[in-house]
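Asker: Input structure: run12.pdb, which contains PDB, N, CA, C and O atoms.
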```pdb
MODEL        1
ATOM      1  N   MET A   1       0.846  -1.166   0.000
ATOM      2  CA  MET A   1       0.000   0.000   0.000
ATOM      3  C   MET A   1       0.897   1.237   0.000
ATOM      4  O   MET A   1       1.803   1.358   0.813
ATOM      5  N   ASN A   2       0.654   2.134  -0.884
ATOM      6  CA  ASN A   2       1.393   3.396  -0.926
ATOM      7  C   ASN A   2       0.623   4.447  -0.144
ATOM      8  O   ASN A   2      -0.535   4.699  -0.425
ATOM      9  N   ARG A   3       1.289   5.016   0.861
ATOM     10  CA  ARG A   3       0.671   6.084   1.641
ATOM     11  C   ARG A   3       1.433   7.365   1.380
ATOM     12  O   ARG A   3       2.651   7.367   1.279
ATOM     13  N   ARG A   4       0.729   8.437   1.301
ATOM     14  CA  ARG A   4       1.362   9.740   1.129
ATOM     15  C   ARG A   4       1.744  10.240   2.513
ATOM     16  O   ARG A   4       0.910  10.317   3.405
ATOM     17  N   LEU A   5       3.007  10.545   2.700
ATOM     18  CA  LEU A   5       3.500  10.985   3.997
ATOM     19  C   LEU A   5       3.460  12.499   4.109
ATOM     20  O   LEU A   5       3.732  13.209   3.149
ATOM     21  N   LYS A   6       3.159  12.968   5.319
ATOM     22  CA  LYS A   6       3.237  14.401   5.554
ATOM     23  C   LYS A   6       4.696  14.776   5.735
ATOM     24  O   LYS A   6       5.555  13.909   5.958
ATOM     25  N   ALA A   7       4.994  16.047   5.635
ATOM     26  CA  ALA A   7       6.379  16.512   5.772
ATOM     27  C   ALA A   7       6.936  16.092   7.127
ATOM     28  O   ALA A   7       6.283  16.251   8.152
ATOM     29  N   MET A   8       8.134  15.549   7.119
ATOM     30  CA  MET A   8       8.759  15.061   8.339
ATOM     31  C   MET A   8       9.797  16.045   8.858
ATOM     32  O   MET A   8      10.482  16.695   8.076
ATOM     33  N   GLN A   9       9.879  16.107  10.152
ATOM     34  CA  GLN A   9      10.912  16.904  10.808
ATOM     35  C   GLN A   9      12.022  15.941  11.257
ATOM     36  O   GLN A   9      12.954  15.693  10.534
ATOM     37  N   TYR A  10      11.859  15.365  12.451
ATOM     38  CA  TYR A  10      12.812  14.388  12.984
ATOM     39  C   TYR A  10      12.080  13.074  13.201
ATOM     40  O   TYR A  10      10.977  13.051  13.732
ATOM     41  N   THR A  11      12.698  11.984  12.765
ATOM     42  CA  THR A  11      12.127  10.654  12.946
ATOM     43  C   THR A  11      13.167   9.748  13.597
ATOM     44  O   THR A  11      14.343  10.098  13.690
ATOM     45  N   ILE A  12      12.728   8.586  14.006
ATOM     46  CA  ILE A  12      13.623   7.581  14.586
ATOM     47  C   ILE A  12      13.686   6.418  13.611
ATOM     48  O   ILE A  12      12.656   5.866  13.223
ATOM     49  N   GLN A  13      14.890   6.080  13.208
ATOM     50  CA  GLN A  13      15.068   4.948  12.305
ATOM     51  C   GLN A  13      15.261   3.698  13.141
ATOM     52  O   GLN A  13      16.186   3.606  13.940
ATOM     53  N   ALA A  14      14.375   2.720  12.915
ATOM     54  CA  ALA A  14      14.413   1.481  13.680
ATOM     55  C   ALA A  14      15.174   0.371  12.971
ATOM     56  O   ALA A  14      15.586  -0.593  13.597
ATOM     57  N   GLY A  15      15.359   0.505  11.651
ATOM     58  CA  GLY A  15      16.066  -0.531  10.920
ATOM     59  C   GLY A  15      16.275  -0.159   9.468
ATOM     60  O   GLY A  15      15.642   0.762   8.950
ATOM     61  N   ALA A  16      17.178  -0.897   8.831
ATOM     62  CA  ALA A  16      17.457  -0.734   7.397
ATOM     63  C   ALA A  16      17.769  -2.120   6.853
ATOM     64  O   ALA A  16      18.596  -2.845   7.420
ATOM     65  N   PHE A  17      17.093  -2.489   5.768
ATOM     66  CA  PHE A  17      17.172  -3.849   5.263
ATOM     67  C   PHE A  17      17.334  -3.884   3.745
ATOM     68  O   PHE A  17      16.817  -3.026   3.045
ATOM     69  N   GLY A  18      17.984  -4.905   3.284
ATOM     70  CA  GLY A  18      18.098  -5.144   1.852
ATOM     71  C   GLY A  18      16.881  -5.859   1.295
ATOM     72  O   GLY A  18      16.615  -5.822   0.103
ATOM     73  N   ASP A  19      16.131  -6.517   2.163
ATOM     74  CA  ASP A  19      14.943  -7.284   1.777
ATOM     75  C   ASP A  19      13.699  -6.566   2.300
ATOM     76  O   ASP A  19      13.561  -6.358   3.506
ATOM     77  N   VAL A  20      12.796  -6.211   1.409
ATOM     78  CA  VAL A  20      11.590  -5.480   1.793
ATOM     79  C   VAL A  20      10.742  -6.255   2.805
ATOM     80  O   VAL A  20      10.081  -5.666   3.654
ATOM     81  N   ASN A  21      10.776  -7.581   2.742
ATOM     82  CA  ASN A  21       9.970  -8.368   3.678
ATOM     83  C   ASN A  21      10.440  -8.191   5.116
ATOM     84  O   ASN A  21       9.626  -8.198   6.044
ATOM     85  N   ASN A  22      11.733  -8.016   5.316
ATOM     86  CA  ASN A  22      12.241  -7.758   6.663
ATOM     87  C   ASN A  22      11.760  -6.394   7.150
ATOM     88  O   ASN A  22      11.391  -6.242   8.323
ATOM     89  N   ALA A  23      11.751  -5.417   6.270
ATOM     90  CA  ALA A  23      11.264  -4.083   6.634
ATOM     91  C   ALA A  23       9.782  -4.148   6.988
ATOM     92  O   ALA A  23       9.350  -3.541   7.981
ATOM     93  N   LYS A  24       9.011  -4.892   6.221
ATOM     94  CA  LYS A  24       7.576  -5.014   6.488
ATOM     95  C   LYS A  24       7.315  -5.702   7.822
ATOM     96  O   LYS A  24       6.394  -5.323   8.553
ATOM     97  N   ARG A  25       8.116  -6.717   8.150
ATOM     98  CA  ARG A  25       7.951  -7.411   9.428
ATOM     99  C   ARG A  25       8.217  -6.468  10.598
ATOM    100  O   ARG A  25       7.463  -6.454  11.577
ATOM    101  N   LEU A  26       9.297  -5.690  10.506
ATOM    102  CA  LEU A  26       9.594  -4.757  11.590
ATOM    103  C   LEU A  26       8.518  -3.683  11.675
ATOM    104  O   LEU A  26       8.080  -3.322  12.762
ATOM    105  N   GLU A  27       8.072  -3.190  10.544
ATOM    106  CA  GLU A  27       7.009  -2.185  10.535
ATOM    107  C   GLU A  27       5.760  -2.726  11.238
ATOM    108  O   GLU A  27       5.154  -2.042  12.069
ATOM    109  N   ALA A  28       5.371  -3.955  10.935
ATOM    110  CA  ALA A  28       4.193  -4.564  11.556
ATOM    111  C   ALA A  28       4.374  -4.709  13.065
ATOM    112  O   ALA A  28       3.444  -4.465  13.842
ATOM    113  N   LYS A  29       5.574  -5.093  13.475
ATOM    114  CA  LYS A  29       5.839  -5.255  14.906
ATOM    115  C   LYS A  29       5.768  -3.910  15.621
ATOM    116  O   LYS A  29       5.189  -3.795  16.702
ATOM    117  N   LEU A  30       6.340  -2.888  15.033
ATOM    118  CA  LEU A  30       6.287  -1.554  15.640
ATOM    119  C   LEU A  30       4.853  -1.060  15.724
ATOM    120  O   LEU A  30       4.428  -0.523  16.759
ATOM    121  N   ASP A  31       4.104  -1.239  14.639
ATOM    122  CA  ASP A  31       2.700  -0.820  14.636
ATOM    123  C   ASP A  31       1.911  -1.554  15.714
ATOM    124  O   ASP A  31       1.078  -0.957  16.399
ATOM    125  N   ALA A  32       2.169  -2.846  15.882
ATOM    126  CA  ALA A  32       1.481  -3.642  16.902
ATOM    127  C   ALA A  32       1.811  -3.162  18.309
ATOM    128  O   ALA A  32       1.040  -3.385  19.244
ATOM    129  N   ASN A  33       2.951  -2.488  18.455
ATOM    130  CA  ASN A  33       3.367  -1.944  19.745
ATOM    131  C   ASN A  33       3.009  -0.468  19.893
ATOM    132  O   ASN A  33       3.558   0.226  20.743
ATOM    133  N   GLY A  34       2.127   0.003  19.034
ATOM    134  CA  GLY A  34       1.635   1.362  19.171
ATOM    135  C   GLY A  34       2.499   2.451  18.561
ATOM    136  O   GLY A  34       2.271   3.630  18.809
ATOM    137  N   LEU A  35       3.483   2.067  17.771
ATOM    138  CA  LEU A  35       4.347   3.052  17.120
ATOM    139  C   LEU A  35       3.931   3.155  15.654
ATOM    140  O   LEU A  35       3.940   2.168  14.928
ATOM    141  N   ASP A  36       3.530   4.318  15.231
ATOM    142  CA  ASP A  36       3.070   4.531  13.864
ATOM    143  C   ASP A  36       4.285   4.581  12.945
ATOM    144  O   ASP A  36       4.915   5.617  12.778
ATOM    145  N   SER A  37       4.621   3.448  12.365
ATOM    146  CA  SER A  37       5.846   3.334  11.576
ATOM    147  C   SER A  37       5.544   3.255  10.084
ATOM    148  O   SER A  37       4.395   3.097   9.671
ATOM    149  N   TYR A  38       6.594   3.354   9.302
ATOM    150  CA  TYR A  38       6.478   3.261   7.847
ATOM    151  C   TYR A  38       7.809   2.776   7.306
ATOM    152  O   TYR A  38       8.837   2.858   7.978
ATOM    153  N   HIS A  39       7.795   2.240   6.091
ATOM    154  CA  HIS A  39       9.045   1.855   5.430
ATOM    155  C   HIS A  39       9.071   2.481   4.047
ATOM    156  O   HIS A  39       8.034   2.820   3.484
ATOM    157  N   PHE A  40      10.273   2.633   3.526
ATOM    158  CA  PHE A  40      10.448   3.197   2.185
ATOM    159  C   PHE A  40      11.779   2.728   1.628
ATOM    160  O   PHE A  40      12.676   2.344   2.375
ATOM    161  N   LEU A  41      11.887   2.736   0.321
ATOM    162  CA  LEU A  41      13.129   2.387  -0.353
ATOM    163  C   LEU A  41      13.960   3.649  -0.492
ATOM    164  O   LEU A  41      13.562   4.597  -1.179
ATOM    165  N   ASP A  42      15.088   3.679   0.164
ATOM    166  CA  ASP A  42      15.966   4.842   0.134
ATOM    167  C   ASP A  42      16.861   4.790  -1.108
ATOM    168  O   ASP A  42      17.007   3.740  -1.744
ATOM    169  N   LYS A  43      17.472   5.908  -1.426
ATOM    170  CA  LYS A  43      18.321   5.980  -2.615
ATOM    171  C   LYS A  43      19.550   5.083  -2.520
ATOM    172  O   LYS A  43      20.158   4.757  -3.528
ATOM    173  N   ASP A  44      19.903   4.648  -1.292
ATOM    174  CA  ASP A  44      21.042   3.745  -1.132
ATOM    175  C   ASP A  44      20.676   2.281  -1.388
ATOM    176  O   ASP A  44      21.499   1.384  -1.262
ATOM    177  N   GLY A  45      19.401   2.034  -1.728
ATOM    178  CA  GLY A  45      18.964   0.682  -2.036
ATOM    179  C   GLY A  45      18.454  -0.103  -0.842
ATOM    180  O   GLY A  45      18.049  -1.253  -1.000
ATOM    181  N   LEU A  46      18.448   0.505   0.337
ATOM    182  CA  LEU A  46      17.957  -0.173   1.534
ATOM    183  C   LEU A  46      16.547   0.281   1.858
ATOM    184  O   LEU A  46      16.170   1.430   1.617
ATOM    185  N   TYR A  47      15.772  -0.647   2.418
ATOM    186  CA  TYR A  47      14.433  -0.332   2.897
ATOM    187  C   TYR A  47      14.565   0.143   4.339
ATOM    188  O   TYR A  47      14.970  -0.622   5.215
ATOM    189  N   LYS A  48      14.250   1.400   4.568
ATOM    190  CA  LYS A  48      14.381   2.004   5.892
ATOM    191  C   LYS A  48      13.030   1.943   6.603
ATOM    192  O   LYS A  48      11.983   2.154   5.991
ATOM    193  N   VAL A  49      13.071   1.653   7.894
ATOM    194  CA  VAL A  49      11.875   1.627   8.729
ATOM    195  C   VAL A  49      12.032   2.724   9.771
ATOM    196  O   VAL A  49      13.025   2.750  10.508
ATOM    197  N   ARG A  50      11.062   3.624   9.818
ATOM    198  CA  ARG A  50      11.123   4.752  10.744
ATOM    199  C   ARG A  50       9.780   4.960  11.410
ATOM    200  O   ARG A  50       8.758   4.491  10.928
ATOM    201  N   PHE A  51       9.817   5.686  12.530
ATOM    202  CA  PHE A  51       8.581   6.059  13.204
ATOM    203  C   PHE A  51       8.753   7.420  13.844
ATOM    204  O   PHE A  51       9.864   7.892  14.072
ATOM    205  N   GLY A  52       7.630   8.050  14.130
ATOM    206  CA  GLY A  52       7.620   9.347  14.798
ATOM    207  C   GLY A  52       7.801  10.507  13.835
ATOM    208  O   GLY A  52       8.265  10.347  12.713
ATOM    209  N   ASN A  53       7.372  11.661  14.315
ATOM    210  CA  ASN A  53       7.565  12.921  13.608
ATOM    211  C   ASN A  53       7.664  13.984  14.688
ATOM    212  O   ASN A  53       6.648  14.437  15.216
ATOM    213  N   PHE A  54       8.881  14.328  15.030
ATOM    214  CA  PHE A  54       9.141  15.205  16.156
ATOM    215  C   PHE A  54       9.585  16.577  15.674
ATOM    216  O   PHE A  54      10.301  16.692  14.684
ATOM    217  N   ALA A  55       9.157  17.601  16.404
ATOM    218  CA  ALA A  55       9.486  18.979  16.025
ATOM    219  C   ALA A  55      10.973  19.267  16.160
ATOM    220  O   ALA A  55      11.521  20.078  15.417
ATOM    221  N   GLY A  56      11.633  18.585  17.086
ATOM    222  CA  GLY A  56      13.054  18.848  17.304
ATOM    223  C   GLY A  56      13.841  17.597  17.629
ATOM    224  O   GLY A  56      13.286  16.555  17.996
ATOM    225  N   ARG A  57      15.139  17.717  17.502
ATOM    226  CA  ARG A  57      16.039  16.587  17.756
ATOM    227  C   ARG A  57      15.960  16.125  19.208
ATOM    228  O   ARG A  57      15.975  14.935  19.499
ATOM    229  N   THR A  58      15.862  17.064  20.140
ATOM    230  CA  THR A  58      15.823  16.727  21.560
ATOM    231  C   THR A  58      14.652  15.805  21.876
ATOM    232  O   THR A  58      14.803  14.804  22.585
ATOM    233  N   GLU A  59      13.486  16.124  21.331
ATOM    234  CA  GLU A  59      12.298  15.302  21.557
ATOM    235  C   GLU A  59      12.465  13.912  20.937
ATOM    236  O   GLU A  59      12.097  12.903  21.531
ATOM    237  N   ALA A  60      13.042  13.847  19.754
ATOM    238  CA  ALA A  60      13.257  12.560  19.085
ATOM    239  C   ALA A  60      14.227  11.690  19.883
ATOM    240  O   ALA A  60      13.975  10.497  20.087
ATOM    241  N   VAL A  61      15.308  12.270  20.351
ATOM    242  CA  VAL A  61      16.291  11.512  21.135
ATOM    243  C   VAL A  61      15.676  11.024  22.441
ATOM    244  O   VAL A  61      15.874   9.879  22.845
ATOM    245  N   ALA A  62      14.897  11.880  23.104
ATOM    246  CA  ALA A  62      14.253  11.484  24.360
ATOM    247  C   ALA A  62      13.302  10.312  24.135
ATOM    248  O   ALA A  62      13.256   9.365  24.929
ATOM    249  N   THR A  63      12.547  10.348  23.058
ATOM    250  CA  THR A  63      11.623   9.251  22.736
ATOM    251  C   THR A  63      12.392   7.973  22.419
ATOM    252  O   THR A  63      12.016   6.892  22.871
ATOM    253  N   ALA A  64      13.461   8.090  21.660
ATOM    254  CA  ALA A  64      14.275   6.910  21.330
ATOM    255  C   ALA A  64      14.817   6.265  22.601
ATOM    256  O   ALA A  64      14.822   5.032  22.717
ATOM    257  N   LYS A  65      15.233   7.063  23.555
ATOM    258  CA  LYS A  65      15.773   6.523  24.813
ATOM    259  C   LYS A  65      14.696   5.842  25.645
ATOM    260  O   LYS A  65      14.994   4.913  26.387
ATOM    261  N   LYS A  66      13.458   6.296  25.526
ATOM    262  CA  LYS A  66      12.355   5.716  26.291
ATOM    263  C   LYS A  66      11.754   4.497  25.623
ATOM    264  O   LYS A  66      10.965   3.786  26.230
ATOM    265  N   THR A  67      12.080   4.242  24.371
ATOM    266  CA  THR A  67      11.501   3.129  23.628
ATOM    267  C   THR A  67      12.361   1.893  23.833
ATOM    268  O   THR A  67      13.495   1.840  23.361
ATOM    269  N   PRO A  68      11.830   0.908  24.551
ATOM    270  CA  PRO A  68      12.639  -0.305  24.795
ATOM    271  C   PRO A  68      13.060  -0.971  23.491
ATOM    272  O   PRO A  68      12.266  -1.077  22.560
ATOM    273  N   GLU A  69      14.293  -1.411  23.459
ATOM    274  CA  GLU A  69      14.835  -2.040  22.240
ATOM    275  C   GLU A  69      14.038  -3.260  21.836
ATOM    276  O   GLU A  69      13.884  -3.544  20.656
ATOM    277  N   LYS A  70      13.480  -3.986  22.783
ATOM    278  CA  LYS A  70      12.713  -5.191  22.439
ATOM    279  C   LYS A  70      11.509  -4.866  21.577
ATOM    280  O   LYS A  70      11.028  -5.702  20.832
ATOM    281  N   ARG A  71      11.013  -3.624  21.623
ATOM    282  CA  ARG A  71       9.889  -3.233  20.781
ATOM    283  C   ARG A  71      10.345  -2.982  19.351
ATOM    284  O   ARG A  71       9.542  -2.927  18.432
ATOM    285  N   LEU A  72      11.623  -2.794  19.159
ATOM    286  CA  LEU A  72      12.136  -2.448  17.832
ATOM    287  C   LEU A  72      12.573  -3.658  17.036
ATOM    288  O   LEU A  72      12.711  -3.573  15.816
ATOM    289  N   HIS A  73      12.862  -4.767  17.664
ATOM    290  CA  HIS A  73      13.386  -5.931  16.918
ATOM    291  C   HIS A  73      12.590  -7.181  17.161
ATOM    292  O   HIS A  73      12.031  -7.517  18.032
TER     293      HIS A  73
ENDMDL
END
```
Could you render the structure from this file as structure tokens?
Answerer:
Amino acid sequence: MNRRLKAMQYTIQAGAFGDVNNAKRLEAKLDANGLDSYHFLDKDGLYKVRFGNFAGRTEAVATAKKTPEKRLH
């Protein structure tokens, strides 16, 4: 499904994969844990999985520190 994304400020990257299916699995897991995530094919050829849209870097870093790693993998 192609979704149109709103303009992003700061996001948290949870993973980068060469196989789109791995990106989709992580995206589904993050979504199931209440994190509104998305994946996309970056210009480097990797499928990046990210979540969040924060106004500033400080807020993004604080959220990343509060997000248990087990929710990301």
Asker: As JSON, numbers by chain, which residues of chain A does DSSP assign to helix (DSSP H, G or I)?
Answerer: {"A": [20, 21, 22, 23, 24, 25, 26, 27, 28, 29, 30, 31, 32, 57, 58, 59, 60, 61, 62, 63, 64, 65, 66, 69, 70, 71]}
Asker: Using the chain letters and numbers from the file, give me the residues hit by the PyMOL selection byres ((chain A and resi 8) around 6), as a ChimeraX atom specification.
Answerer: /A:6-7,9-10,53-54
Asker: Which residues fall under the PyMOL selection byres (((chain A and resi 49 and name CA) around 7) and name CA) in this file, as JSON, numbers by chain?
Answerer: {"A": [13, 14, 15, 16, 23, 27, 37, 38, 39, 40, 47, 48, 50]}
Asker: From the DSSP assignment of the backbone, select every residue of region 19-55 of chain A that is strand (DSSP E or B), and format the answer as a list in words.
Answerer: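 Of region 19-55 of chain A, only Ser37, Tyr38, His39, Phe40, Leu41, Tyr47, Lys48, Val49, Arg50, Phe51, Gly52, Asn53 and Phe54 of chain A fall in strand (DSSP E or B).
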Asker: Between A:Asn21, A:Thr58, A:Ala64, A:Gly52, which residue has the minimum interatomic distance to Asp36 (chain A), considering all atoms listed in the file?
Answerer: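 For Asp36 (chain A), the nearest of the given residues is A:Gly52.
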Asker: Atom C of Arg4 (chain A) and CA of Asp31 (chain A) are how many Å apart?
Answerer: 16.4 Å
Asker: One number please: CA of Ala32 (chain A) to CA of Arg3 (chain A), in Å, one decimal.
Answerer: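 Straight-line distance from CA of Ala32 (chain A) to CA of Arg3 (chain A) works out to 18.1 Å.
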Asker: I'd like the interatomic distance between atom O of Gly18 (chain A) and atom O of Lys43 (chain A), to a tenth of an Å.
Answerer: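 Distance reported for this atom pair: 11.7 Å.
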Asker: Produce the centre coordinates and the three edge lengths, each in Å to one decimal, of the box along x, y and z that contains all listed atoms of region 54-70 of chain A with 6 Å added on each side, as JSON.
Answerer:
```
{"center_x": 12.6, "center_y": 7.2, "center_z": 20.5, "size_x": 19.4, "size_y": 37.8, "size_z": 23.7}
```
Asker: Using only C-alpha atoms, find the one residue out of A:Asp19, A:Lys24, A:Leu30, A:Pro68 that sits nearest to Phe51 (chain A).
Answerer: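 Nearest to Phe51 (chain A): A:Leu30.
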Asker: Smallest atom-to-atom distance to Gly56 (chain A): which of A:Lys29, A:Gly34, A:Thr11, A:Asp42, using only N, CA, C and O atoms?
Answerer: A:Thr11
